[in-house]
$ cat coords37.pdb   # PDB, C-alpha atoms
MODEL        1
ATOM      1  CA  MET A   1       0.000   0.000   0.000
ATOM      2  CA  LEU A   2       2.745   2.434   1.056
ATOM      3  CA  ARG A   3       4.819   1.492  -1.985
ATOM      4  CA  THR A   4       1.851   2.157  -4.280
ATOM      5  CA  LEU A   5       1.298   5.558  -2.685
ATOM      6  CA  VAL A   6       4.977   6.458  -3.169
ATOM      7  CA  TYR A   7       4.939   5.304  -6.800
ATOM      8  CA  LEU A   8       1.764   7.281  -7.490
ATOM      9  CA  GLY A   9       2.694  10.333  -5.467
ATOM     10  CA  PHE A  10       6.214  10.869  -6.785
ATOM     11  CA  PRO A  11       5.211  11.712 -10.397
ATOM     12  CA  VAL A  12       2.534  14.060  -9.050
ATOM     13  CA  LEU A  13       5.144  15.895  -6.982
ATOM     14  CA  LEU A  14       7.598  16.014  -9.899
ATOM     15  CA  ALA A  15       4.884  17.450 -12.155
ATOM     16  CA  GLY A  16       5.075  20.612 -10.056
ATOM     17  CA  CYS A  17       8.692  21.153 -11.177
ATOM     18  CA  THR A  18       7.737  22.310 -14.659
ATOM     19  CA  GLY A  19       5.062  24.391 -16.397
ATOM     20  CA  PRO A  20       4.679  28.093 -17.196
ATOM     21  CA  LEU A  21       4.609  29.126 -13.520
ATOM     22  CA  SER A  22       7.382  26.865 -12.224
ATOM     23  CA  THR A  23      10.120  28.565 -10.222
ATOM     24  CA  LEU A  24      12.233  25.438 -10.719
ATOM     25  CA  ASP A  25      12.371  25.921 -14.487
ATOM     26  CA  PRO A  26      14.150  29.318 -14.629
ATOM     27  CA  GLY A  27      14.479  31.330 -17.826
ATOM     28  CA  GLY A  28      16.848  34.041 -16.583
ATOM     29  CA  PRO A  29      19.634  34.782 -14.070
ATOM     30  CA  ALA A  30      17.413  36.129 -11.262
ATOM     31  CA  ALA A  31      15.116  33.122 -11.350
ATOM     32  CA  THR A  32      18.165  30.840 -11.595
ATOM     33  CA  SER A  33      19.568  32.366  -8.378
ATOM     34  CA  ILE A  34      16.208  31.878  -6.641
ATOM     35  CA  ALA A  35      15.914  28.280  -7.881
ATOM     36  CA  THR A  36      19.474  27.582  -6.690
ATOM     37  CA  LEU A  37      18.609  29.046  -3.295
ATOM     38  CA  TRP A  38      15.543  26.796  -3.175
ATOM     39  CA  TRP A  39      17.689  23.713  -3.825
ATOM     40  CA  VAL A  40      20.226  24.850  -1.199
ATOM     41  CA  MET A  41      17.380  25.304   1.319
ATOM     42  CA  LEU A  42      15.994  21.880   0.423
ATOM     43  CA  ALA A  43      19.431  20.320   0.947
ATOM     44  CA  GLY A  44      19.800  22.120   4.311
ATOM     45  CA  ALA A  45      16.339  21.046   5.443
ATOM     46  CA  ALA A  46      17.040  17.473   4.342
ATOM     47  CA  ALA A  47      20.389  17.472   6.196
ATOM     48  CA  LEU A  48      18.733  18.756   9.368
ATOM     49  CA  PHE A  49      15.932  16.182   9.031
ATOM     50  CA  VAL A  50      18.399  13.316   8.567
ATOM     51  CA  LEU A  51      20.508  14.445  11.540
ATOM     52  CA  VAL A  52      17.480  14.724  13.824
ATOM     53  CA  MET A  53      16.062  11.386  12.677
ATOM     54  CA  THR A  54      19.475   9.729  13.175
ATOM     55  CA  LEU A  55      19.620  11.003  16.751
ATOM     56  CA  TYR A  56      16.025   9.928  17.281
ATOM     57  CA  ALA A  57      16.756   6.425  15.964
ATOM     58  CA  LEU A  58      19.863   6.178  18.129
ATOM     59  CA  VAL A  59      18.015   6.928  21.359
ATOM     60  CA  ILE A  60      15.238   4.482  20.399
ATOM     61  CA  TRP A  61      17.516   1.594  19.453
ATOM     62  CA  ARG A  62      20.376   2.317  21.866
ATOM     63  CA  PRO A  63      18.850   4.046  24.896
ATOM     64  CA  ASP A  64      22.089   3.550  26.852
ATOM     65  CA  TRP A  65      23.861   5.836  24.413
ATOM     66  CA  GLY A  66      21.226   8.564  24.851
ATOM     67  CA  ALA A  67      21.266   8.265  28.641
ATOM     68  CA  ARG A  68      25.013   8.856  28.724
ATOM     69  CA  VAL A  69      24.546  12.351  27.253
ATOM     70  CA  SER A  70      23.610  14.926  29.893
ATOM     71  CA  PRO A  71      20.390  16.987  29.452
ATOM     72  CA  THR A  72      22.419  20.200  29.191
ATOM     73  CA  ARG A  73      24.520  18.695  26.417
ATOM     74  CA  TRP A  74      21.379  17.562  24.577
ATOM     75  CA  ILE A  75      19.966  21.099  24.750
ATOM     76  CA  VAL A  76      23.177  22.907  23.813
ATOM     77  CA  LEU A  77      24.400  20.539  21.083
ATOM     78  CA  GLY A  78      21.028  19.396  19.755
ATOM     79  CA  GLY A  79      19.002  22.566  20.251
ATOM     80  CA  LEU A  80      21.625  25.204  19.512
ATOM     81  CA  GLY A  81      24.688  23.594  17.898
ATOM     82  CA  LEU A  82      22.921  21.451  15.304
ATOM     83  CA  PRO A  83      20.581  24.168  13.952
ATOM     84  CA  ALA A  84      23.395  26.736  14.018
ATOM     85  CA  VAL A  85      25.658  24.538  11.883
ATOM     86  CA  VAL A  86      22.907  24.065   9.300
ATOM     87  CA  LEU A  87      21.161  27.457   9.483
ATOM     88  CA  THR A  88      24.271  29.684   9.334
ATOM     89  CA  PRO A  89      25.297  28.603   5.787
ATOM     90  CA  LEU A  90      21.639  28.806   4.708
ATOM     91  CA  VAL A  91      21.287  32.384   5.998
ATOM     92  CA  ALA A  92      24.612  33.372   4.379
ATOM     93  CA  SER A  93      23.496  31.818   1.096
ATOM     94  CA  ALA A  94      20.134  33.643   1.232
ATOM     95  CA  LEU A  95      21.798  37.010   1.960
ATOM     96  CA  VAL A  96      24.285  36.636  -0.915
ATOM     97  CA  THR A  97      21.472  35.636  -3.296
ATOM     98  CA  GLY A  98      19.380  38.600  -2.143
ATOM     99  CA  GLU A  99      22.229  41.008  -2.914
ATOM    100  CA  ARG A 100      22.659  39.500  -6.397
ATOM    101  CA  LEU A 101      18.991  40.099  -7.173
ATOM    102  CA  LEU A 102      19.114  43.844  -6.461
ATOM    103  CA  PRO A 103      19.012  46.252  -9.425
ATOM    104  CA  LEU A 104      22.526  47.619  -8.839
ATOM    105  CA  GLY A 105      25.198  48.779 -11.284
ATOM    106  CA  SER A 106      26.107  51.962 -13.092
ATOM    107  CA  ALA A 107      24.675  51.039 -16.491
ATOM    108  CA  GLU A 108      21.133  52.323 -17.035
ATOM    109  CA  PRO A 109      19.106  49.387 -18.330
ATOM    110  CA  LEU A 110      15.946  49.500 -20.404
ATOM    111  CA  ARG A 111      12.920  50.538 -18.310
ATOM    112  CA  ILE A 112       9.390  49.262 -18.706
ATOM    113  CA  GLU A 113       6.534  50.514 -16.516
ATOM    114  CA  ALA A 114       4.048  47.990 -15.157
ATOM    115  CA  GLU A 115       0.814  49.352 -13.699
ATOM    116  CA  ALA A 116      -1.656  47.134 -11.921
ATOM    117  CA  GLN A 117      -5.361  47.873 -11.679
ATOM    118  CA  ARG A 118      -8.022  45.406 -10.575
ATOM    119  CA  TRP A 119      -7.680  43.035 -12.458
ATOM    120  CA  THR A 120      -5.408  43.884 -15.363
ATOM    121  CA  TRP A 121      -1.815  44.834 -16.050
ATOM    122  CA  THR A 122      -0.781  47.726 -18.321
ATOM    123  CA  PHE A 123       2.786  47.951 -19.621
ATOM    124  CA  ARG A 124       4.376  51.142 -20.990
ATOM    125  CA  TYR A 125       7.652  51.420 -22.849
ATOM    126  CA  PRO A 126       8.987  54.956 -22.125
ATOM    127  CA  GLY A 127      11.978  54.672 -24.438
ATOM    128  CA  SER A 128       9.772  53.743 -27.381
ATOM    129  CA  GLY A 129       7.264  56.556 -27.674
ATOM    130  CA  ASP A 130       3.787  56.352 -26.168
ATOM    131  CA  ILE A 131       3.426  52.626 -26.641
ATOM    132  CA  LYS A 132       1.476  50.605 -24.125
ATOM    133  CA  THR A 133       0.230  47.044 -24.050
ATOM    134  CA  GLU A 134      -2.577  45.535 -21.976
ATOM    135  CA  GLY A 135      -2.102  42.089 -20.500
ATOM    136  CA  THR A 136       1.085  41.301 -22.416
ATOM    137  CA  LEU A 137       4.616  42.290 -21.493
ATOM    138  CA  HIS A 138       7.181  42.293 -24.289
ATOM    139  CA  LEU A 139      10.858  41.831 -23.454
ATOM    140  CA  PRO A 140      14.079  41.675 -25.467
ATOM    141  CA  VAL A 141      16.022  38.427 -24.992
ATOM    142  CA  GLY A 142      19.334  38.665 -23.131
ATOM    143  CA  VAL A 143      18.899  42.330 -22.140
ATOM    144  CA  PRO A 144      18.500  43.410 -18.483
ATOM    145  CA  VAL A 145      15.236  45.292 -18.008
ATOM    146  CA  ASP A 146      14.103  47.311 -14.999
ATOM    147  CA  ILE A 147      10.374  46.822 -14.467
ATOM    148  CA  VAL A 148       9.028  49.895 -12.649
ATOM    149  CA  VAL A 149       6.018  48.539 -10.812
ATOM    150  CA  THR A 150       3.118  50.527  -9.366
ATOM    151  CA  SER A 151      -0.645  50.269  -8.838
ATOM    152  CA  ARG A 152      -3.700  52.479  -9.466
ATOM    153  CA  ASP A 153      -5.944  51.069  -6.741
ATOM    154  CA  VAL A 154      -4.937  48.482  -4.135
ATOM    155  CA  ILE A 155      -1.723  46.622  -3.392
ATOM    156  CA  HIS A 156      -0.925  43.955  -5.976
ATOM    157  CA  ALA A 157       2.294  42.047  -6.617
ATOM    158  CA  PHE A 158       4.097  41.542  -9.918
ATOM    159  CA  TRP A 159       5.505  38.057 -10.422
ATOM    160  CA  ILE A 160       6.909  36.151 -13.398
ATOM    161  CA  PRO A 161       7.986  32.928 -11.645
ATOM    162  CA  ARG A 162      10.303  31.730 -14.418
ATOM    163  CA  LEU A 163      12.139  35.067 -14.642
ATOM    164  CA  ALA A 164      12.399  36.639 -11.151
ATOM    165  CA  GLY A 165      10.994  36.947  -7.668
ATOM    166  CA  LYS A 166       7.875  38.936  -6.940
ATOM    167  CA  ILE A 167       7.662  42.612  -6.058
ATOM    168  CA  ASP A 168       4.779  44.610  -4.593
ATOM    169  CA  ALA A 169       2.765  47.043  -6.713
ATOM    170  CA  VAL A 170       1.846  49.815  -4.271
ATOM    171  CA  PRO A 171      -0.416  52.818  -5.088
ATOM    172  CA  GLY A 172       1.571  56.084  -5.159
ATOM    173  CA  HIS A 173       4.902  54.289  -4.953
ATOM    174  CA  THR A 174       7.214  52.632  -7.474
ATOM    175  CA  ASN A 175       9.281  49.501  -6.917
ATOM    176  CA  ILE A 176      11.921  48.332  -9.353
ATOM    177  CA  LEU A 177      12.521  44.722 -10.310
ATOM    178  CA  ARG A 178      15.407  43.836 -12.629
ATOM    179  CA  ILE A 179      14.758  40.870 -14.883
ATOM    180  CA  ARG A 180      16.369  39.266 -17.915
ATOM    181  CA  ALA A 181      14.914  36.598 -20.141
ATOM    182  CA  ASP A 182      17.659  34.436 -21.590
ATOM    183  CA  VAL A 183      15.419  32.229 -23.699
ATOM    184  CA  GLN A 184      13.153  33.439 -26.480
ATOM    185  CA  GLY A 185       9.528  32.451 -26.092
ATOM    186  CA  ARG A 186       6.460  32.871 -23.927
ATOM    187  CA  TYR A 187       6.229  33.057 -20.168
ATOM    188  CA  GLN A 188       3.404  33.786 -17.769
ATOM    189  CA  GLY A 189       3.041  36.300 -14.989
ATOM    190  CA  LEU A 190       0.467  36.848 -12.286
ATOM    191  CA  CYS A 191      -0.614  38.975  -9.380
ATOM    192  CA  ASN A 192       0.811  37.444  -6.219
ATOM    193  CA  GLU A 193      -0.941  39.555  -3.583
ATOM    194  CA  PHE A 194      -4.619  38.940  -2.903
ATOM    195  CA  CYS A 195      -6.440  41.960  -4.322
ATOM    196  CA  GLY A 196     -10.118  41.013  -4.482
ATOM    197  CA  SER A 197     -12.557  38.675  -6.187
ATOM    198  CA  GLY A 198     -10.736  38.766  -9.542
ATOM    199  CA  HIS A 199      -7.293  38.090  -8.073
ATOM    200  CA  SER A 200      -6.991  34.512  -9.331
ATOM    201  CA  GLY A 201      -7.543  35.629 -12.931
ATOM    202  CA  MET A 202      -5.151  38.588 -12.817
ATOM    203  CA  ARG A 203      -2.533  37.066 -15.067
ATOM    204  CA  PHE A 204      -0.506  38.380 -17.993
ATOM    205  CA  ASP A 205       1.531  36.954 -20.850
ATOM    206  CA  VAL A 206       5.206  37.646 -21.327
ATOM    207  CA  VAL A 207       6.778  37.406 -24.765
ATOM    208  CA  ALA A 208      10.576  37.451 -25.052
ATOM    209  CA  HIS A 209      11.643  38.563 -28.538
ATOM    210  CA  PRO A 210      15.115  38.536 -30.111
ATOM    211  CA  ALA A 211      16.684  41.895 -29.165
ATOM    212  CA  ALA A 212      16.849  42.966 -32.797
ATOM    213  CA  ASP A 213      13.090  42.452 -33.219
ATOM    214  CA  PHE A 214      12.015  44.087 -29.944
ATOM    215  CA  SER A 215      11.236  47.569 -31.322
ATOM    216  CA  THR A 216       9.131  46.082 -34.087
ATOM    217  CA  ALA A 217       7.349  43.790 -31.652
ATOM    218  CA  ILE A 218       6.175  46.564 -29.324
ATOM    219  CA  ALA A 219       5.251  48.804 -32.267
ATOM    220  CA  HIS A 220       2.956  45.995 -33.484
ATOM    221  CA  PRO A 221       1.970  44.219 -30.267
ATOM    222  CA  GLU A 222      -0.879  42.347 -31.970
ATOM    223  CA  ALA A 223       1.691  40.397 -34.000
ATOM    224  CA  GLY A 224       3.396  39.213 -30.821
ATOM    225  CA  ARG A 225       0.190  37.700 -29.453
ATOM    226  CA  LYS A 226      -0.205  35.285 -32.333
TER
ATOM    227  CA  MET B   1       8.053  23.960  46.566
ATOM    228  CA  ARG B   2       6.060  27.208  46.556
ATOM    229  CA  PRO B   3       4.178  28.518  43.495
ATOM    230  CA  VAL B   4       5.911  31.042  41.281
ATOM    231  CA  PRO B   5       4.234  34.501  41.298
ATOM    232  CA  ASP B   6       2.565  35.391  37.968
ATOM    233  CA  ARG B   7       4.624  38.539  37.507
ATOM    234  CA  ARG B   8       7.823  36.504  37.550
ATOM    235  CA  LEU B   9       6.639  34.275  34.705
ATOM    236  CA  TRP B  10       6.443  37.343  32.451
ATOM    237  CA  LEU B  11      10.215  37.583  32.741
ATOM    238  CA  LEU B  12      10.429  34.505  30.513
ATOM    239  CA  VAL B  13       9.471  36.640  27.511
ATOM    240  CA  LEU B  14      11.750  39.520  28.490
ATOM    241  CA  GLY B  15      14.666  38.659  26.193
ATOM    242  CA  PHE B  16      12.600  38.040  23.090
ATOM    243  CA  SER B  17      10.456  41.106  23.770
ATOM    244  CA  VAL B  18      13.652  43.140  23.454
ATOM    245  CA  TRP B  19      14.425  41.241  20.235
ATOM    246  CA  GLY B  20      10.921  42.071  18.958
ATOM    247  CA  SER B  21      11.477  45.730  19.771
ATOM    248  CA  ALA B  22      14.809  45.681  17.916
ATOM    249  CA  LEU B  23      13.144  44.061  14.881
ATOM    250  CA  GLY B  24      10.406  46.715  14.854
ATOM    251  CA  PHE B  25      12.818  49.640  15.150
ATOM    252  CA  VAL B  26      15.137  48.231  12.454
ATOM    253  CA  TYR B  27      12.200  47.645  10.100
ATOM    254  CA  VAL B  28      10.733  51.124  10.623
ATOM    255  CA  LEU B  29      14.063  52.955  10.437
ATOM    256  CA  HIS B  30      15.058  51.095   7.275
ATOM    257  CA  SER B  31      11.697  51.733   5.577
ATOM    258  CA  VAL B  32      11.482  55.418   6.531
ATOM    259  CA  GLY B  33      15.145  56.008   5.639
ATOM    260  CA  CYS B  34      14.723  54.497   2.184
ATOM    261  CA  ALA B  35      11.375  56.226   1.560
ATOM    262  CA  PHE B  36      12.904  59.648   2.313
ATOM    263  CA  ALA B  37      16.175  58.844   0.484
ATOM    264  CA  TRP B  38      18.430  59.293   3.512
ATOM    265  CA  PRO B  39      22.148  58.677   2.829
ATOM    266  CA  ALA B  40      23.143  55.012   3.179
ATOM    267  CA  ASN B  41      25.706  55.798   5.886
ATOM    268  CA  ALA B  42      23.108  57.671   7.970
ATOM    269  CA  ILE B  43      20.743  54.699   7.739
ATOM    270  CA  ARG B  44      23.540  52.291   8.701
ATOM    271  CA  LEU B  45      24.518  54.506  11.626
ATOM    272  CA  GLY B  46      20.910  54.569  12.843
ATOM    273  CA  LEU B  47      20.565  50.796  12.472
ATOM    274  CA  GLY B  48      23.848  50.321  14.330
ATOM    275  CA  LEU B  49      22.620  52.517  17.195
ATOM    276  CA  VAL B  50      19.319  50.631  17.415
ATOM    277  CA  LEU B  51      21.145  47.299  17.570
ATOM    278  CA  PHE B  52      23.690  48.599  20.085
ATOM    279  CA  VAL B  53      21.004  49.931  22.451
ATOM    280  CA  HIS B  54      19.026  46.671  22.336
ATOM    281  CA  LEU B  55      22.124  44.492  22.741
ATOM    282  CA  ALA B  56      23.214  46.649  25.690
ATOM    283  CA  LEU B  57      19.763  46.247  27.254
ATOM    284  CA  VAL B  58      19.815  42.463  26.893
ATOM    285  CA  GLY B  59      23.413  42.451  28.109
ATOM    286  CA  LEU B  60      22.469  44.353  31.270
ATOM    287  CA  LEU B  61      19.556  42.000  31.954
ATOM    288  CA  TRP B  62      21.823  39.019  31.289
ATOM    289  CA  ARG B  63      24.348  40.407  33.761
ATOM    290  CA  SER B  64      21.737  41.031  36.440
ATOM    291  CA  TYR B  65      20.263  37.528  36.079
ATOM    292  CA  ALA B  66      23.669  35.869  36.011
ATOM    293  CA  GLY B  67      23.903  36.940  39.682
ATOM    294  CA  THR B  68      20.921  34.768  40.565
ATOM    295  CA  TYR B  69      22.155  31.733  38.655
ATOM    296  CA  PRO B  70      21.146  28.344  40.151
ATOM    297  CA  GLY B  71      23.559  27.035  42.695
ATOM    298  CA  ALA B  72      23.488  30.179  44.763
ATOM    299  CA  PRO B  73      22.763  29.277  48.389
ATOM    300  CA  ALA B  74      19.320  29.668  49.976
ATOM    301  CA  VAL B  75      17.449  29.767  46.665
ATOM    302  CA  ASP B  76      14.106  28.030  46.240
ATOM    303  CA  PRO B  77      14.358  25.221  43.590
ATOM    304  CA  THR B  78      11.494  26.679  41.539
ATOM    305  CA  ASP B  79      13.042  30.146  41.640
ATOM    306  CA  SER B  80      16.367  28.630  40.765
ATOM    307  CA  PHE B  81      14.922  26.845  37.709
ATOM    308  CA  LEU B  82      13.046  29.966  36.624
ATOM    309  CA  ASN B  83      16.159  32.107  36.890
ATOM    310  CA  TRP B  84      18.061  29.519  34.887
ATOM    311  CA  VAL B  85      15.476  29.583  32.085
ATOM    312  CA  ILE B  86      15.271  33.408  32.106
ATOM    313  CA  LEU B  87      19.045  33.608  31.905
ATOM    314  CA  TRP B  88      19.221  31.272  28.905
ATOM    315  CA  THR B  89      16.375  33.009  27.068
ATOM    316  CA  LEU B  90      18.303  36.267  27.520
ATOM    317  CA  ILE B  91      21.440  34.659  26.087
ATOM    318  CA  ALA B  92      19.395  33.229  23.197
ATOM    319  CA  ALA B  93      17.822  36.659  22.562
ATOM    320  CA  PHE B  94      21.281  38.297  22.486
ATOM    321  CA  VAL B  95      22.567  35.772  19.934
ATOM    322  CA  THR B  96      19.336  36.069  17.922
ATOM    323  CA  ILE B  97      19.649  39.869  17.658
ATOM    324  CA  VAL B  98      23.197  39.489  16.326
ATOM    325  CA  PHE B  99      22.284  36.594  13.995
ATOM    326  CA  THR B 100      19.063  37.922  12.489
ATOM    327  CA  LEU B 101      19.527  41.706  12.541
ATOM    328  CA  GLY B 102      23.323  42.115  12.410
ATOM    329  CA  PRO B 103      23.518  41.458   8.627
ATOM    330  CA  THR B 104      21.392  44.569   7.962
ATOM    331  CA  LEU B 105      24.527  46.621   8.693
ATOM    332  CA  LEU B 106      26.430  44.918   5.869
ATOM    333  CA  LEU B 107      23.798  44.600   3.160
ATOM    334  CA  THR B 108      22.736  47.172   0.576
ATOM    335  CA  THR B 109      20.397  49.643   2.277
ATOM    336  CA  CYS B 110      18.148  50.959  -0.505
ATOM    337  CA  THR B 111      17.828  50.496  -4.258
TER
ENDMDL
END

$ encode --input "coords37.pdb" --output "structure tokens"
Amino acid sequence: MLRTLVYLGFPVLLAGCTGPLSTLDPGGPAATSIATLWWVMLAGAAALFVLVMTLYALVIWRPDWGARVSPTRWIVLGGLGLPAVVLTPLVASALVTGERLLPLGSAEPLRIEAEAQRWTWTFRYPGSGDIKTEGTLHLPVGVPVDIVVTSRDVIHAFWIPRLAGKIDAVPGHTNILRIRADVQGRYQGLCNEFCGSGHSGMRFDVVAHPAADFSTAIAHPEAGRK
Amino acid sequence: MRPVPDRRLWLLVLGFSVWGSALGFVYVLHSVGCAFAWPANAIRLGLGLVLFVHLALVGLLWRSYAGTYPGAPAVDPTDSFLNWVILWTLIAAFVTIVFTLGPTLLLTTCT
């Protein structure tokens, strides 16, 4: 019975590792860093789990061994030492990854404005005239882009799982998220902050064009949707 | 063994209340500083002061409770145990402030 459940459950779990909204199938450097951090965290959690279960098994099967360790030593080594050894590298890894994701650097990348309004997304391309697209974000492949995110009504959150982490869209305030799509093609984005009854349908398409075709693509956004 | 007075049990949350206060002040100072575009060094200085004040507070409490550490003569066993737990929660709170809030001094302040 247990074996059947494992055999049936494993493919179901693995199916979550792919798809248009999978963070484990990154399409750019920011999402790659986040996916790497996720695997590092999984490895740390697994290491901690194995260590705790090993100690647990030892005291069950060899109670004499457990009784020889004083309560103070159990608390200090098991409660403080063990988590510290595992958590310190995980925290360091998370901090380094967080720094890498920040939009730093002297070069001024391409800027695209993303404005949320219940329950749609509008994208403007300031460097390309008065062009705007509704529900579809166009990006050039291999070029860093700063998405300037804001909202017209309530707090939303901008998230393209395969390209970067999420960032809040706050009325009267702009947040900047730097993303880069390394692979040409289509991605999906969504609102990741509950914003009302239409929240679950507040999605948008992302089309990554070859850099040379980008200007043409946003000048004729209908062509990109086909 | 006599019962422990209620007011003494509150001391168990003393250390992590100070940690909570430090977290709140760091969060607010960081957010306000970035929103009003304060210089990065001014924000770091403010964060450093907040951490220093809270660490000093926990340190003082730690020092005062270290004087009532179990093993001192003529101490009730329940009081002794309570003091021992309070002392270790203070030590844990001190380490937690350094571990969880210390990195804010080294990381990028605002973008």

$ resolve_selection --input "coords37.pdb" --expression "the PyMOL selection byres ((chain B) within 8 of (chain A))" --output "list in words"
Leu107, Thr108 and Thr111 of chain B

$ write_last_selection --input "coords37.pdb" --atoms "C-alpha atoms" --output "compact mmCIF listing (two decimals), keeping the file's coordinate frame"
# COMPACT_ATOMS: atom_id res chain seq x y z
CA LEU B 107 23.80 44.60 3.16
CA THR B 108 22.74 47.17 0.58
CA THR B 111 17.83 50.50 -4.26

$ resolve_selection --input "coords37.pdb" --expression "the PyMOL selection byres ((chain B and resi 15) around 7)" --output "MDAnalysis selection string"
chainID B and resid 13:14 16:19 58 89:90 93

$ atom_distance --input "coords37.pdb" --atom1 "CA of Phe36 in chain B" --atom2 "CA of Cys110 in chain B"
10.5 Å

$ residues_around --input "coords37.pdb" --residues "Trp121 in chain A" --least-positions-apart "2" --cutoff "7 Å" --atoms "all atoms listed in the file" --output "list in words"
Ala114, Glu115, Ala116, Gln117, Phe123, Glu134, Gly135 and Phe204 of chain A

$ atom_distance --input "coords37.pdb" --atom1 "CA of Ser93 in chain A" --atom2 "CA of His30 in chain B"
21.9 Å

$ resolve_selection --input "coords37.pdb" --expression "the PyMOL selection byres ((chain A and resi 167-170) around 7)" --output "MDAnalysis selection string"
chainID A and resid 116 149:151 154:159 165:166 171:175 177

$ closest_residue --input "coords37.pdb" --among "A:Leu82, A:Leu21, A:Trp38, A:Gly129" --to "Cys191 in chain A" --atoms "all atoms listed in the file"
A:Leu21

$ closest_residue --input "coords37.pdb" --among "B:Thr109, B:Ser31, B:Ser21, B:Thr100" --to "Val50 in chain B" --atoms "all atoms listed in the file"
B:Ser21

$ residues_around --input "coords37.pdb" --residues "Gly48 in chain B" --least-positions-apart "6" --cutoff "9 Å" --atoms "only C-alpha atoms" --output "list of chain:residue names"
B:Gly102, B:Thr104, B:Leu105

$ atom_distance --input "coords37.pdb" --atom1 "CA of Glu113 in chain A" --atom2 "CA of Tyr125 in chain A"
6.5 Å

$ residues_around --input "coords37.pdb" --residues "Trp62 in chain B" --least-positions-apart "2" --cutoff "8 Å" --atoms "only C-alpha atoms" --output "list in words"
Val58, Gly59, Leu60, Ser64, Tyr65, Ala66, Leu87, Leu90 and Ile91 of chain B

$ residues_around --input "coords37.pdb" --residues "Ile43 in chain B" --least-positions-apart "3" --cutoff "8 Å" --atoms "all atoms listed in the file" --output "number ranges by chain"
B: 29-30, 33, 38-40, 46-47, 109

$ closest_residue --input "coords37.pdb" --among "A:Ala94, A:Gly44, A:Leu24, A:Gly198" --to "Pro103 in chain B" --atoms "only C-alpha atoms"
A:Ala94
